[in-house]
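Visitor: You'll find coords.cif just under this line, and it carries mmCIF, N, CA and C atoms and all ligand atoms.
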```cif
data_final
#
loop_
_atom_site.label_atom_id
_atom_site.label_comp_id
_atom_site.auth_asym_id
_atom_site.auth_seq_id
_atom_site.Cartn_x
_atom_site.Cartn_y
_atom_site.Cartn_z
N MET E 30 10.89 -9.58 -16.99
CA MET E 30 10.67 -8.75 -15.80
C MET E 30 9.51 -7.79 -16.05
N SER E 31 8.58 -7.70 -15.09
CA SER E 31 7.45 -6.80 -15.26
C SER E 31 7.91 -5.35 -15.14
N GLU E 32 7.06 -4.45 -15.62
CA GLU E 32 7.40 -3.03 -15.51
C GLU E 32 7.55 -2.63 -14.04
N VAL E 33 6.63 -3.13 -13.21
CA VAL E 33 6.71 -2.80 -11.78
C VAL E 33 8.05 -3.27 -11.21
N ALA E 34 8.44 -4.49 -11.57
CA ALA E 34 9.67 -5.06 -11.00
C ALA E 34 10.92 -4.27 -11.40
N LYS E 35 10.80 -3.51 -12.50
CA LYS E 35 11.96 -2.69 -12.91
C LYS E 35 12.20 -1.52 -11.96
N ILE E 36 11.14 -1.10 -11.27
CA ILE E 36 11.30 0.10 -10.42
C ILE E 36 10.99 -0.16 -8.94
N PHE E 37 10.48 -1.36 -8.63
CA PHE E 37 10.14 -1.62 -7.23
C PHE E 37 10.15 -3.12 -6.95
N SER E 38 10.72 -3.45 -5.81
CA SER E 38 10.65 -4.83 -5.31
C SER E 38 10.56 -4.76 -3.80
N CYS E 39 9.46 -5.22 -3.25
CA CYS E 39 9.22 -5.08 -1.82
C CYS E 39 10.20 -5.93 -1.02
N THR E 40 10.82 -5.31 -0.03
CA THR E 40 11.74 -6.05 0.86
C THR E 40 11.00 -6.61 2.06
N ARG E 41 9.72 -6.30 2.17
CA ARG E 41 8.89 -6.73 3.30
C ARG E 41 9.43 -6.21 4.63
N CYS E 42 9.99 -5.00 4.55
CA CYS E 42 10.54 -4.41 5.78
C CYS E 42 9.43 -4.00 6.75
N GLY E 43 8.24 -3.76 6.22
CA GLY E 43 7.10 -3.44 7.08
C GLY E 43 6.97 -1.97 7.45
N PHE E 44 7.89 -1.14 6.96
CA PHE E 44 7.84 0.27 7.37
C PHE E 44 6.49 0.91 7.02
N CYS E 45 5.95 0.57 5.86
CA CYS E 45 4.70 1.22 5.43
C CYS E 45 3.49 0.71 6.20
N CYS E 46 3.66 -0.33 7.00
CA CYS E 46 2.55 -0.88 7.79
C CYS E 46 2.62 -0.42 9.23
N LYS E 47 3.61 0.44 9.53
CA LYS E 47 3.79 0.90 10.90
C LYS E 47 3.31 2.33 11.06
N GLY E 48 3.02 2.71 12.31
CA GLY E 48 2.53 4.05 12.59
C GLY E 48 1.22 3.96 13.34
N GLU E 49 0.71 5.10 13.71
CA GLU E 49 -0.50 5.14 14.55
C GLU E 49 -1.79 5.24 13.75
N THR E 50 -1.67 5.38 12.42
CA THR E 50 -2.87 5.36 11.57
C THR E 50 -2.57 4.46 10.37
N THR E 51 -3.62 4.10 9.67
CA THR E 51 -3.42 3.33 8.43
C THR E 51 -4.14 4.05 7.30
N VAL E 52 -4.01 3.52 6.11
CA VAL E 52 -4.81 4.05 5.00
C VAL E 52 -6.29 3.82 5.30
N SER E 53 -7.13 4.53 4.60
CA SER E 53 -8.57 4.31 4.76
C SER E 53 -9.05 3.31 3.71
N LEU E 54 -10.16 2.66 4.04
CA LEU E 54 -10.75 1.66 3.14
C LEU E 54 -12.00 2.24 2.50
N ASP E 55 -12.07 2.19 1.17
CA ASP E 55 -13.31 2.61 0.52
C ASP E 55 -14.28 1.41 0.53
N PRO E 56 -15.52 1.59 0.10
CA PRO E 56 -16.48 0.49 0.17
C PRO E 56 -16.01 -0.78 -0.55
N ALA E 57 -15.35 -0.63 -1.70
CA ALA E 57 -14.86 -1.82 -2.42
C ALA E 57 -13.78 -2.53 -1.61
N ASP E 58 -12.92 -1.74 -0.94
CA ASP E 58 -11.89 -2.35 -0.08
C ASP E 58 -12.55 -3.15 1.04
N GLN E 59 -13.58 -2.57 1.63
CA GLN E 59 -14.25 -3.23 2.76
C GLN E 59 -14.86 -4.56 2.31
N GLN E 60 -15.50 -4.54 1.14
CA GLN E 60 -16.13 -5.76 0.64
C GLN E 60 -15.09 -6.82 0.33
N ARG E 61 -14.00 -6.41 -0.34
CA ARG E 61 -12.94 -7.36 -0.69
C ARG E 61 -12.33 -7.98 0.57
N MET E 62 -12.11 -7.15 1.57
CA MET E 62 -11.53 -7.66 2.81
C MET E 62 -12.47 -8.69 3.47
N CYS E 63 -13.75 -8.38 3.48
CA CYS E 63 -14.73 -9.32 4.04
C CYS E 63 -14.72 -10.63 3.26
N ASP E 64 -14.68 -10.52 1.92
CA ASP E 64 -14.69 -11.73 1.08
C ASP E 64 -13.45 -12.58 1.35
N VAL E 65 -12.29 -11.94 1.40
CA VAL E 65 -11.04 -12.69 1.59
C VAL E 65 -11.00 -13.33 2.97
N LEU E 66 -11.51 -12.62 3.97
CA LEU E 66 -11.49 -13.17 5.33
C LEU E 66 -12.66 -14.12 5.59
N GLY E 67 -13.65 -14.10 4.69
CA GLY E 67 -14.81 -14.98 4.87
C GLY E 67 -15.65 -14.60 6.07
N LYS E 68 -15.73 -13.32 6.32
CA LYS E 68 -16.47 -12.83 7.50
C LYS E 68 -17.43 -11.73 7.07
N SER E 69 -18.44 -11.50 7.92
CA SER E 69 -19.36 -10.39 7.66
C SER E 69 -18.66 -9.07 7.97
N PHE E 70 -19.25 -7.99 7.47
CA PHE E 70 -18.64 -6.68 7.75
C PHE E 70 -18.62 -6.43 9.25
N GLU E 71 -19.67 -6.84 9.94
CA GLU E 71 -19.73 -6.61 11.39
C GLU E 71 -18.57 -7.33 12.10
N GLU E 72 -18.31 -8.56 11.67
CA GLU E 72 -17.20 -9.32 12.28
C GLU E 72 -15.86 -8.67 11.96
N VAL E 73 -15.68 -8.32 10.69
CA VAL E 73 -14.40 -7.69 10.30
C VAL E 73 -14.22 -6.38 11.04
N ALA E 74 -15.30 -5.60 11.11
CA ALA E 74 -15.20 -4.29 11.77
C ALA E 74 -14.81 -4.44 13.23
N SER E 75 -15.45 -5.37 13.93
CA SER E 75 -15.16 -5.47 15.36
C SER E 75 -13.75 -6.01 15.62
N GLN E 76 -13.26 -6.87 14.73
CA GLN E 76 -11.93 -7.46 14.94
C GLN E 76 -10.80 -6.59 14.41
N PHE E 77 -11.03 -5.97 13.26
CA PHE E 77 -9.89 -5.41 12.54
C PHE E 77 -9.99 -3.92 12.20
N LEU E 78 -11.15 -3.32 12.33
CA LEU E 78 -11.30 -1.96 11.81
C LEU E 78 -11.51 -0.91 12.90
N ARG E 79 -11.13 0.28 12.56
CA ARG E 79 -11.35 1.45 13.41
C ARG E 79 -12.17 2.43 12.58
N ILE E 80 -13.36 2.76 13.05
CA ILE E 80 -14.25 3.62 12.27
C ILE E 80 -14.48 4.90 13.06
N THR E 81 -14.04 6.02 12.48
CA THR E 81 -14.14 7.31 13.16
C THR E 81 -14.77 8.31 12.21
N ASP E 82 -15.92 8.85 12.61
CA ASP E 82 -16.63 9.83 11.77
C ASP E 82 -16.79 9.33 10.34
N GLY E 83 -17.11 8.06 10.20
CA GLY E 83 -17.36 7.50 8.87
C GLY E 83 -16.09 7.10 8.13
N VAL E 84 -14.92 7.41 8.68
CA VAL E 84 -13.66 7.02 8.03
C VAL E 84 -13.26 5.64 8.55
N VAL E 85 -13.11 4.71 7.63
CA VAL E 85 -12.81 3.32 8.00
C VAL E 85 -11.31 3.07 7.78
N GLN E 86 -10.64 2.73 8.85
CA GLN E 86 -9.22 2.38 8.77
C GLN E 86 -9.02 1.04 9.46
N MET E 87 -7.84 0.51 9.35
CA MET E 87 -7.52 -0.72 10.07
C MET E 87 -7.05 -0.37 11.47
N LYS E 88 -7.30 -1.25 12.40
CA LYS E 88 -6.81 -1.03 13.76
C LYS E 88 -5.29 -1.06 13.77
N VAL E 89 -4.76 -0.34 14.73
CA VAL E 89 -3.31 -0.35 14.94
C VAL E 89 -3.04 -1.07 16.26
N VAL E 90 -2.17 -2.05 16.22
CA VAL E 90 -1.81 -2.82 17.40
C VAL E 90 -0.29 -2.79 17.54
N ASP E 91 0.18 -2.40 18.70
CA ASP E 91 1.64 -2.33 18.95
C ASP E 91 2.37 -1.53 17.88
N GLY E 92 1.73 -0.45 17.43
CA GLY E 92 2.40 0.46 16.50
C GLY E 92 2.40 0.02 15.05
N HIS E 93 1.62 -1.01 14.73
CA HIS E 93 1.52 -1.40 13.32
C HIS E 93 0.11 -1.84 12.99
N CYS E 94 -0.18 -1.89 11.71
CA CYS E 94 -1.50 -2.35 11.25
C CYS E 94 -1.79 -3.72 11.84
N VAL E 95 -3.03 -3.93 12.21
CA VAL E 95 -3.44 -5.19 12.83
C VAL E 95 -3.11 -6.41 11.96
N PHE E 96 -2.97 -6.20 10.66
CA PHE E 96 -2.70 -7.32 9.76
C PHE E 96 -1.21 -7.59 9.54
N PHE E 97 -0.36 -6.75 10.11
CA PHE E 97 1.07 -6.93 9.84
C PHE E 97 1.69 -7.95 10.78
N GLU E 98 2.33 -8.93 10.17
CA GLU E 98 3.03 -9.96 10.95
C GLU E 98 4.10 -10.55 10.05
N GLU E 99 5.27 -9.95 10.06
CA GLU E 99 6.34 -10.32 9.12
C GLU E 99 5.83 -10.30 7.69
N GLY E 100 5.04 -9.31 7.35
CA GLY E 100 4.40 -9.18 6.05
C GLY E 100 2.91 -8.97 6.25
N CYS E 101 2.22 -8.76 5.14
CA CYS E 101 0.78 -8.50 5.21
C CYS E 101 0.02 -9.83 5.25
N THR E 102 -0.76 -10.03 6.29
CA THR E 102 -1.49 -11.30 6.43
C THR E 102 -2.86 -11.27 5.75
N VAL E 103 -3.17 -10.16 5.09
CA VAL E 103 -4.45 -10.10 4.36
C VAL E 103 -4.17 -9.65 2.91
N HIS E 104 -3.04 -10.11 2.40
CA HIS E 104 -2.48 -9.55 1.17
C HIS E 104 -3.51 -9.33 0.05
N THR E 105 -4.23 -10.38 -0.32
CA THR E 105 -5.17 -10.22 -1.44
C THR E 105 -6.40 -9.39 -1.05
N GLY E 106 -6.59 -9.20 0.24
CA GLY E 106 -7.72 -8.40 0.70
C GLY E 106 -7.30 -7.04 1.23
N ARG E 107 -6.07 -6.65 0.93
CA ARG E 107 -5.61 -5.35 1.46
C ARG E 107 -6.25 -4.20 0.69
N PRO E 108 -6.34 -3.03 1.30
CA PRO E 108 -6.91 -1.87 0.61
C PRO E 108 -6.10 -1.50 -0.64
N TRP E 109 -6.76 -0.89 -1.60
CA TRP E 109 -6.05 -0.57 -2.85
C TRP E 109 -4.91 0.39 -2.61
N ARG E 110 -5.04 1.23 -1.60
CA ARG E 110 -3.94 2.17 -1.34
C ARG E 110 -2.69 1.44 -0.85
N CYS E 111 -2.88 0.35 -0.14
CA CYS E 111 -1.73 -0.48 0.25
C CYS E 111 -1.10 -1.11 -0.99
N GLY E 112 -1.95 -1.56 -1.90
CA GLY E 112 -1.45 -2.20 -3.11
C GLY E 112 -0.71 -1.23 -4.02
N GLU E 113 -1.11 0.01 -3.98
CA GLU E 113 -0.49 1.03 -4.82
C GLU E 113 0.89 1.42 -4.31
N TRP E 114 1.05 1.43 -3.00
CA TRP E 114 2.29 1.90 -2.39
C TRP E 114 3.47 1.04 -2.80
N PRO E 115 4.63 1.64 -3.10
CA PRO E 115 5.00 3.06 -3.01
C PRO E 115 4.93 3.80 -4.35
N LEU E 116 4.27 3.22 -5.35
CA LEU E 116 4.29 3.83 -6.68
C LEU E 116 3.18 4.87 -6.81
N HIS E 117 3.28 5.88 -5.97
CA HIS E 117 2.26 6.92 -5.92
C HIS E 117 2.44 7.90 -7.09
N PRO E 118 1.33 8.26 -7.75
CA PRO E 118 1.45 9.15 -8.91
C PRO E 118 2.13 10.48 -8.61
N SER E 119 2.10 10.92 -7.36
CA SER E 119 2.73 12.20 -7.02
C SER E 119 4.23 12.20 -7.30
N ILE E 120 4.80 11.01 -7.43
CA ILE E 120 6.22 10.91 -7.78
C ILE E 120 6.49 11.61 -9.12
N LEU E 121 5.50 11.53 -10.01
CA LEU E 121 5.68 12.13 -11.33
C LEU E 121 5.69 13.65 -11.28
N ASP E 122 5.07 14.21 -10.24
CA ASP E 122 4.93 15.66 -10.16
C ASP E 122 6.19 16.36 -9.68
N ASP E 123 6.95 15.67 -8.84
CA ASP E 123 8.02 16.37 -8.15
C ASP E 123 9.09 15.36 -7.72
N LYS E 124 10.32 15.64 -8.07
CA LYS E 124 11.41 14.74 -7.68
C LYS E 124 11.51 14.61 -6.16
N ASN E 125 11.12 15.67 -5.46
CA ASN E 125 11.18 15.59 -3.98
C ASN E 125 10.26 14.50 -3.45
N ASN E 126 9.13 14.28 -4.11
CA ASN E 126 8.24 13.20 -3.68
C ASN E 126 8.92 11.85 -3.87
N PHE E 127 9.63 11.73 -4.99
CA PHE E 127 10.40 10.50 -5.25
C PHE E 127 11.44 10.29 -4.16
N LEU E 128 12.14 11.35 -3.81
CA LEU E 128 13.20 11.22 -2.80
C LEU E 128 12.60 10.90 -1.44
N THR E 129 11.50 11.56 -1.09
CA THR E 129 10.88 11.34 0.21
C THR E 129 10.36 9.91 0.32
N ILE E 130 9.67 9.45 -0.72
CA ILE E 130 9.12 8.09 -0.68
C ILE E 130 10.24 7.06 -0.68
N SER E 131 11.27 7.30 -1.47
CA SER E 131 12.35 6.30 -1.50
C SER E 131 13.12 6.26 -0.20
N GLU E 132 13.10 7.36 0.56
CA GLU E 132 13.76 7.34 1.87
C GLU E 132 13.02 6.42 2.85
N SER E 133 11.70 6.31 2.68
CA SER E 133 10.93 5.48 3.61
C SER E 133 10.65 4.09 3.07
N CYS E 134 10.97 3.86 1.81
CA CYS E 134 10.70 2.55 1.21
C CYS E 134 11.95 2.02 0.53
N PRO E 135 12.60 1.04 1.15
CA PRO E 135 13.83 0.51 0.56
C PRO E 135 13.61 -0.32 -0.71
N GLY E 136 12.33 -0.57 -1.05
CA GLY E 136 12.05 -1.36 -2.24
C GLY E 136 12.12 -0.58 -3.53
N ILE E 137 12.15 0.75 -3.42
CA ILE E 137 12.25 1.59 -4.62
C ILE E 137 13.62 1.43 -5.26
N ASN E 138 13.62 1.27 -6.58
CA ASN E 138 14.89 1.18 -7.31
C ASN E 138 15.39 2.59 -7.61
N VAL E 139 16.20 3.11 -6.70
CA VAL E 139 16.72 4.47 -6.89
C VAL E 139 17.84 4.48 -7.92
N ASP E 140 18.47 3.33 -8.12
CA ASP E 140 19.63 3.27 -9.02
C ASP E 140 19.27 3.59 -10.46
N ILE E 141 18.01 3.35 -10.79
CA ILE E 141 17.59 3.59 -12.18
C ILE E 141 17.55 5.08 -12.52
N GLY E 142 17.45 5.92 -11.50
CA GLY E 142 17.41 7.37 -11.72
C GLY E 142 15.99 7.87 -11.87
N TYR E 143 15.80 9.14 -11.49
CA TYR E 143 14.44 9.69 -11.45
C TYR E 143 13.74 9.69 -12.81
N ASP E 144 14.43 10.12 -13.85
CA ASP E 144 13.77 10.25 -15.16
C ASP E 144 13.34 8.88 -15.71
N ALA E 145 14.23 7.90 -15.60
CA ALA E 145 13.87 6.56 -16.09
C ALA E 145 12.77 5.95 -15.23
N PHE E 146 12.83 6.23 -13.93
CA PHE E 146 11.79 5.74 -13.02
C PHE E 146 10.43 6.29 -13.46
N CYS E 147 10.40 7.59 -13.72
CA CYS E 147 9.14 8.22 -14.12
C CYS E 147 8.63 7.69 -15.45
N ASP E 148 9.53 7.44 -16.38
CA ASP E 148 9.11 6.90 -17.68
C ASP E 148 8.36 5.57 -17.49
N ILE E 149 8.89 4.72 -16.63
CA ILE E 149 8.27 3.41 -16.41
C ILE E 149 6.97 3.57 -15.61
N LEU E 150 6.99 4.41 -14.59
CA LEU E 150 5.76 4.61 -13.80
C LEU E 150 4.64 5.19 -14.66
N LEU E 151 5.00 6.12 -15.54
CA LEU E 151 4.01 6.71 -16.44
C LEU E 151 3.41 5.64 -17.35
N LYS E 152 4.24 4.77 -17.84
CA LYS E 152 3.76 3.68 -18.72
C LYS E 152 2.80 2.77 -17.93
N ILE E 153 3.17 2.45 -16.69
CA ILE E 153 2.30 1.60 -15.87
C ILE E 153 0.95 2.28 -15.65
N LEU E 154 0.99 3.57 -15.35
CA LEU E 154 -0.24 4.31 -15.09
C LEU E 154 -1.09 4.46 -16.35
N ASP E 155 -0.43 4.57 -17.49
CA ASP E 155 -1.17 4.66 -18.76
C ASP E 155 -1.92 3.38 -19.07
N GLU E 156 -1.34 2.27 -18.64
CA GLU E 156 -1.89 0.96 -18.98
C GLU E 156 -2.85 0.41 -17.93
N ASN E 157 -2.90 1.05 -16.77
CA ASN E 157 -3.73 0.55 -15.66
C ASN E 157 -4.49 1.70 -15.00
N ASP E 158 -5.72 1.41 -14.58
CA ASP E 158 -6.46 2.43 -13.86
C ASP E 158 -5.75 2.78 -12.55
N ARG E 159 -5.24 1.72 -11.90
CA ARG E 159 -4.52 1.90 -10.65
C ARG E 159 -3.29 1.00 -10.67
N VAL E 160 -2.25 1.49 -10.04
CA VAL E 160 -1.05 0.66 -9.90
C VAL E 160 -1.34 -0.40 -8.85
N LYS E 161 -0.89 -1.61 -9.10
CA LYS E 161 -0.96 -2.65 -8.08
C LYS E 161 0.42 -3.30 -8.00
N CYS E 162 1.06 -3.09 -6.88
CA CYS E 162 2.43 -3.60 -6.73
C CYS E 162 2.43 -5.06 -6.32
S1 LIG V 201 6.40 -1.35 0.30
FE1 LIG V 201 8.40 -0.50 0.86
S2 LIG V 201 8.18 0.19 2.98
FE2 LIG V 201 6.49 -1.23 2.54
S3 LIG V 201 7.22 -3.28 3.19
FE3 LIG V 201 7.69 -3.06 0.99
S4 LIG V 201 9.79 -2.27 0.93
FE4 LIG V 201 9.02 -1.92 3.03
S1 LIG V 202 -3.32 -4.19 5.11
FE1 LIG V 202 -1.38 -5.22 4.86
S2 LIG V 202 -0.19 -3.86 3.51
FE2 LIG V 202 -1.88 -2.66 4.35
S3 LIG V 202 -1.04 -1.64 6.16
FE3 LIG V 202 -2.02 -3.56 6.82
S4 LIG V 202 -0.38 -5.10 6.86
FE4 LIG V 202 0.34 -3.34 5.63
#
```
Just dump the structure as C-alpha cells.
Ligand code: SF4
Ligand code: SF4
Guide:
Amino acid sequence: MSEVAKIFSCTRCGFCCKGETTVSLDPADQQRMCDVLGKSFEEVASQFLRITDGVVQMKVVDGHCVFFEEGCTVHTGRPWRCGEWPLHPSILDDKNNFLTISESCPGINVDIGYDAFCDILLKILDENDRVKC
C-alpha cells in the first residue's frame, strides 16, 4: 500500500469539483492541459477556461467544473492543485484544518487519527516536491 493510500482514497464523490469557482491554473498546468487534450491554448481557453484579470480557472457548468462527469475527465491534465487535494500541507499546521477538510472529503482516512495522519503526510511531503493523489 502506498503512503498516500494509507491516508486517502478518493470515493469520486465529486464534492471538490463542485462550486462556482475552481482552482487556478499556473502556466505549467495550462501547458499540460493543452498537451493532454491535444489542443492549442486558444482552443482550450475558449472551450474550457475562464480568464479573469489574468487568473486562469476552469469554466463552471451546472455548478461543477466543466471537466467533471462522474469523475475528472481530464485526469492526467488536471491542475496540480486538483492533484494535491485533499492532502493540503495546512493540515499539518492545525488539527482544525484536518477536521474541516475531512468534513468535505469522504476519502480522508479519519480512522487513523490526526497524529498518525500527519506523520504519513509529512513523510510524503519530505519525499516529494508536491503531493499527487
Ligand atoms: S478528493 Fe475527496 S471530495 Fe474530491 S472526489 Fe475524491 S473523495 Fe470526493
Ligand atoms: S480538473 Fe478534474 S479534478 Fe479538477 S476540478 Fe475539474 S473535474 Fe475536478
Visitor: In Å, rounded to a single decimal, give me how far atom FE2 of ligand LIG 202 (chain V) is from atom N of Pro118 in chain E.
Guide: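 For atom N of Pro118 in chain E relative to atom FE2 of ligand LIG 202 (chain V), the distance reads 16.6 Å.
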Visitor: Within 5 Å of ligand LIG 201 (chain V) (counting all atoms listed in the file), which residues show up? I'd like them as a list in words.
Guide: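 Counting all atoms listed in the file, the residues within 5 Å of ligand LIG 201 (chain V) come out as Cys39, Thr40, Arg41, Cys42, Gly43, Phe44, Cys45, Trp114, Pro115, Ser133, Cys134, Pro135 and Gly136 of chain E.
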Visitor: Grab the atom N of Glu113 in chain E to CA of Lys161 in chain E distance for me, in Å with one decimal place.
Guide: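 For atom N of Glu113 in chain E relative to CA of Lys161 in chain E, the distance reads 4.9 Å.
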Visitor: Calculate how many Å separate atom N of Trp109 in chain E from CA of Asp58 in chain E, rounding to one decimal.
Guide: 5.5 Å
Visitor: Looking at E:Val65, E:Ile36, E:Phe127, E:Gly100, which one is nearest to Ala145 in chain E, with distances taken over only N, CA and C atoms?
Guide: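 Ranked by minimum distance to Ala145 in chain E, first place goes to E:Ile36.
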Visitor: Neighbours of ligand LIG 202 (chain V) at 8 Å or closer, counting all atoms listed in the file: which residues, as a VMD selection string?
Guide: chain E and resid 43 to 47 50 to 52 87 93 to 98 100 to 112
Visitor: Give me, as a count of residues only, all polymer residues having an atom no more than 8 Å from Val33 in chain E, counting only C-alpha atoms and skipping those fewer than 4 positions away in the same chain.
Guide: 6
Visitor: Quick one: 4 Å padding each side, axis-aligned, all listed atoms of range 142-157 of chain E - centre and edge lengths in Å to one decimal, as lines of an AutoDock Vina configuration file?
Guide:
```
center_x = 6.5
center_y = 5.3
center_z = -15.3
size_x = 29.9
size_y = 17.8
size_z = 15.6
```
Visitor: Looking at E:Val160, E:Ser53, E:Lys68, E:Leu128, which one is nearest to Asp140 in chain E, with distances taken over only C-alpha atoms?
Guide: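 Of E:Val160, E:Ser53, E:Lys68, E:Leu128, the one nearest Asp140 in chain E, counting only C-alpha atoms, is E:Leu128.
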Visitor: Running DSSP on the backbone, which parts of chain E land in strand (DSSP E), as a list in words?
Guide: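 Across chain E, those assigned strand (DSSP E) are Leu78, Arg79, Ile80, Thr81, Val84, Val85, Gln86, Met87, Val89, Val90, His93 and Cys94 of chain E.
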Visitor: Filtering to N, CA and C atoms, could you give me those residues as a JSON list (two decimals), in the frame of the given file?
Guide:
```json
[["chain", "number", "residue", "atom", "x", "y", "z"],
["E", 78, "LEU", "N", -11.15, -3.32, 12.33],
["E", 78, "LEU", "CA", -11.30, -1.96, 11.81],
["E", 78, "LEU", "C", -11.51, -0.91, 12.90],
["E", 79, "ARG", "N", -11.13, 0.28, 12.56],
["E", 79, "ARG", "CA", -11.35, 1.45, 13.41],
["E", 79, "ARG", "C", -12.17, 2.43, 12.58],
["E", 80, "ILE", "N", -13.36, 2.76, 13.05],
["E", 80, "ILE", "CA", -14.25, 3.62, 12.27],
["E", 80, "ILE", "C", -14.48, 4.90, 13.06],
["E", 81, "THR", "N", -14.04, 6.02, 12.48],
["E", 81, "THR", "CA", -14.14, 7.31, 13.16],
["E", 81, "THR", "C", -14.77, 8.31, 12.21],
["E", 84, "VAL", "N", -14.92, 7.41, 8.68],
["E", 84, "VAL", "CA", -13.66, 7.02, 8.03],
["E", 84, "VAL", "C", -13.26, 5.64, 8.55],
["E", 85, "VAL", "N", -13.11, 4.71, 7.63],
["E", 85, "VAL", "CA", -12.81, 3.32, 8.00],
["E", 85, "VAL", "C", -11.31, 3.07, 7.78],
["E", 86, "GLN", "N", -10.64, 2.73, 8.85],
["E", 86, "GLN", "CA", -9.22, 2.38, 8.77],
["E", 86, "GLN", "C", -9.02, 1.04, 9.46],
["E", 87, "MET", "N", -7.84, 0.51, 9.35],
["E", 87, "MET", "CA", -7.52, -0.72, 10.07],
["E", 87, "MET", "C", -7.05, -0.37, 11.47],
["E", 89, "VAL", "N", -4.76, -0.34, 14.73],
["E", 89, "VAL", "CA", -3.31, -0.35, 14.94],
["E", 89, "VAL", "C", -3.04, -1.07, 16.26],
["E", 90, "VAL", "N", -2.17, -2.05, 16.22],
["E", 90, "VAL", "CA", -1.81, -2.82, 17.40],
["E", 90, "VAL", "C", -0.29, -2.79, 17.54],
["E", 93, "HIS", "N", 1.62, -1.01, 14.73],
["E", 93, "HIS", "CA", 1.52, -1.40, 13.32],
["E", 93, "HIS", "C", 0.11, -1.84, 12.99],
["E", 94, "CYS", "N", -0.18, -1.89, 11.71],
["E", 94, "CYS", "CA", -1.50, -2.35, 11.25],
["E", 94, "CYS", "C", -1.79, -3.72, 11.84]]
```
Visitor: Mind the document's chain letters and residue numbers, and return as a count of residues only the residues of chain E that DSSP labels alpha helix (DSSP H).
Guide: 57
